[in-house]
Amino acid sequence: MSHTTSAREVVDAIKGVDFPAGKDDLIRAAREAGASQDAVAALRGIPPESYANREEVARSVRVDPASDLGTSAAQRAEQARAGGKPGQSQHLREVPKPPVEEELDRDR
């Protein structure tokens, strides 16, 4: 599967959605907002469940792992070890920042 969209593009396509929202609601809102065919296709690929917010949608959409999810090598390693929702891609599993990265972020 070719990844031609980003999590940011998908989230921007569903700005006007009132959450919680189901998969069909998200697809309909993206089409009404004039989202690209790639963004709509990415939404069609998410599991058919209710989503509480845009962050949950972004984690469920299958996009290029290096797009704009902003995970470090340490976070990707933790994602490989941690479990996620059934059917969720490894690179989309939620994982906290390692303590060293949190400390470095505070110092900036």
# chains A, B, ... in the order shown; residues from 1 in each chain; ligands from 1

call {"tool": "residues_around", "arguments": {"residues": "Ala33 in chain A", "least_positions_apart": "2", "cutoff": "12 Å", "atoms": "only C-alpha atoms", "output": "PyMOL selection string"}}
result
chain A and resi 9-17+26-31+35-37+39-40

call {"tool": "write_last_selection", "arguments": {"atoms": "N, CA, C and O atoms", "output": "PDB file, in the first residue's frame"}}
result
ATOM      1  N   GLU A   9      -2.826  15.833   7.536  1.00  0.00           N
ATOM      2  CA  GLU A   9      -3.818  16.062   6.488  1.00  0.00           C
ATOM      3  C   GLU A   9      -5.169  15.449   6.874  1.00  0.00           C
ATOM      4  O   GLU A   9      -6.217  16.066   6.674  1.00  0.00           O
ATOM      5  N   VAL A  10      -5.144  14.259   7.430  1.00  0.00           N
ATOM      6  CA  VAL A  10      -6.382  13.592   7.828  1.00  0.00           C
ATOM      7  C   VAL A  10      -7.057  14.357   8.966  1.00  0.00           C
ATOM      8  O   VAL A  10      -8.257  14.603   8.945  1.00  0.00           O
ATOM      9  N   VAL A  11      -6.280  14.771   9.953  1.00  0.00           N
ATOM     10  CA  VAL A  11      -6.842  15.514  11.087  1.00  0.00           C
ATOM     11  C   VAL A  11      -7.415  16.851  10.616  1.00  0.00           C
ATOM     12  O   VAL A  11      -8.485  17.265  11.064  1.00  0.00           O
ATOM     13  N   ASP A  12      -6.732  17.514   9.699  1.00  0.00           N
ATOM     14  CA  ASP A  12      -7.252  18.778   9.160  1.00  0.00           C
ATOM     15  C   ASP A  12      -8.566  18.570   8.420  1.00  0.00           C
ATOM     16  O   ASP A  12      -9.437  19.438   8.429  1.00  0.00           O
ATOM     17  N   ALA A  13      -8.722  17.409   7.793  1.00  0.00           N
ATOM     18  CA  ALA A  13      -9.937  17.120   7.026  1.00  0.00           C
ATOM     19  C   ALA A  13     -11.160  16.923   7.917  1.00  0.00           C
ATOM     20  O   ALA A  13     -12.289  17.044   7.453  1.00  0.00           O
ATOM     21  N   ILE A  14     -10.952  16.650   9.205  1.00  0.00           N
ATOM     22  CA  ILE A  14     -12.083  16.381  10.101  1.00  0.00           C
ATOM     23  C   ILE A  14     -12.202  17.440  11.194  1.00  0.00           C
ATOM     24  O   ILE A  14     -12.728  17.175  12.269  1.00  0.00           O
ATOM     25  N   LYS A  15     -11.739  18.658  10.906  1.00  0.00           N
ATOM     26  CA  LYS A  15     -11.776  19.743  11.889  1.00  0.00           C
ATOM     27  C   LYS A  15     -13.183  20.014  12.419  1.00  0.00           C
ATOM     28  O   LYS A  15     -13.360  20.299  13.590  1.00  0.00           O
ATOM     29  N   GLY A  16     -14.180  19.940  11.560  1.00  0.00           N
ATOM     30  CA  GLY A  16     -15.528  20.310  11.953  1.00  0.00           C
ATOM     31  C   GLY A  16     -16.344  19.210  12.614  1.00  0.00           C
ATOM     32  O   GLY A  16     -17.524  19.392  12.884  1.00  0.00           O
ATOM     33  N   VAL A  17     -15.729  18.091  12.925  1.00  0.00           N
ATOM     34  CA  VAL A  17     -16.458  16.948  13.480  1.00  0.00           C
ATOM     35  C   VAL A  17     -16.692  17.125  14.975  1.00  0.00           C
ATOM     36  O   VAL A  17     -15.802  17.533  15.710  1.00  0.00           O
ATOM     37  N   LEU A  26     -16.898  10.406  10.174  1.00  0.00           N
ATOM     38  CA  LEU A  26     -15.604  10.995   9.834  1.00  0.00           C
ATOM     39  C   LEU A  26     -15.413  11.064   8.322  1.00  0.00           C
ATOM     40  O   LEU A  26     -14.958  12.082   7.786  1.00  0.00           O
ATOM     41  N   ILE A  27     -15.774   9.992   7.638  1.00  0.00           N
ATOM     42  CA  ILE A  27     -15.646   9.964   6.179  1.00  0.00           C
ATOM     43  C   ILE A  27     -16.549  11.019   5.553  1.00  0.00           C
ATOM     44  O   ILE A  27     -16.125  11.769   4.662  1.00  0.00           O
ATOM     45  N   ARG A  28     -17.782  11.095   6.016  1.00  0.00           N
ATOM     46  CA  ARG A  28     -18.732  12.074   5.484  1.00  0.00           C
ATOM     47  C   ARG A  28     -18.217  13.507   5.702  1.00  0.00           C
ATOM     48  O   ARG A  28     -18.240  14.339   4.799  1.00  0.00           O
ATOM     49  N   ALA A  29     -17.706  13.784   6.902  1.00  0.00           N
ATOM     50  CA  ALA A  29     -17.200  15.123   7.206  1.00  0.00           C
ATOM     51  C   ALA A  29     -15.993  15.471   6.334  1.00  0.00           C
ATOM     52  O   ALA A  29     -15.862  16.608   5.866  1.00  0.00           O
ATOM     53  N   ALA A  30     -15.118  14.512   6.107  1.00  0.00           N
ATOM     54  CA  ALA A  30     -13.943  14.762   5.272  1.00  0.00           C
ATOM     55  C   ALA A  30     -14.358  15.072   3.831  1.00  0.00           C
ATOM     56  O   ALA A  30     -13.820  15.994   3.209  1.00  0.00           O
ATOM     57  N   ARG A  31     -15.324  14.326   3.319  1.00  0.00           N
ATOM     58  CA  ARG A  31     -15.798  14.586   1.954  1.00  0.00           C
ATOM     59  C   ARG A  31     -16.429  15.970   1.862  1.00  0.00           C
ATOM     60  O   ARG A  31     -16.184  16.708   0.913  1.00  0.00           O
ATOM     61  N   ALA A  35     -11.795  17.191   1.432  1.00  0.00           N
ATOM     62  CA  ALA A  35     -10.511  16.510   1.662  1.00  0.00           C
ATOM     63  C   ALA A  35     -10.070  15.762   0.414  1.00  0.00           C
ATOM     64  O   ALA A  35     -10.886  15.402  -0.440  1.00  0.00           O
ATOM     65  N   SER A  36      -8.777  15.531   0.333  1.00  0.00           N
ATOM     66  CA  SER A  36      -8.232  14.788  -0.810  1.00  0.00           C
ATOM     67  C   SER A  36      -8.742  13.347  -0.801  1.00  0.00           C
ATOM     68  O   SER A  36      -9.163  12.827   0.238  1.00  0.00           O
ATOM     69  N   GLN A  37      -8.685  12.723  -1.966  1.00  0.00           N
ATOM     70  CA  GLN A  37      -9.095  11.322  -2.058  1.00  0.00           C
ATOM     71  C   GLN A  37      -8.225  10.444  -1.163  1.00  0.00           C
ATOM     72  O   GLN A  37      -8.703   9.462  -0.600  1.00  0.00           O
ATOM     73  N   ALA A  39      -6.875  11.288   1.746  1.00  0.00           N
ATOM     74  CA  ALA A  39      -7.302  11.449   3.142  1.00  0.00           C
ATOM     75  C   ALA A  39      -8.585  10.656   3.395  1.00  0.00           C
ATOM     76  O   ALA A  39      -8.717   9.988   4.427  1.00  0.00           O
ATOM     77  N   VAL A  40      -9.519  10.707   2.451  1.00  0.00           N
ATOM     78  CA  VAL A  40     -10.767   9.947   2.592  1.00  0.00           C
ATOM     79  C   VAL A  40     -10.466   8.449   2.579  1.00  0.00           C
ATOM     80  O   VAL A  40     -11.011   7.686   3.382  1.00  0.00           O
TER      81      VAL A  40
END

call {"tool": "atom_distance", "arguments": {"atom1": "CA of Arg54 in chain A", "atom2": "CA of Asp107 in chain A"}}
result
28.7 Å
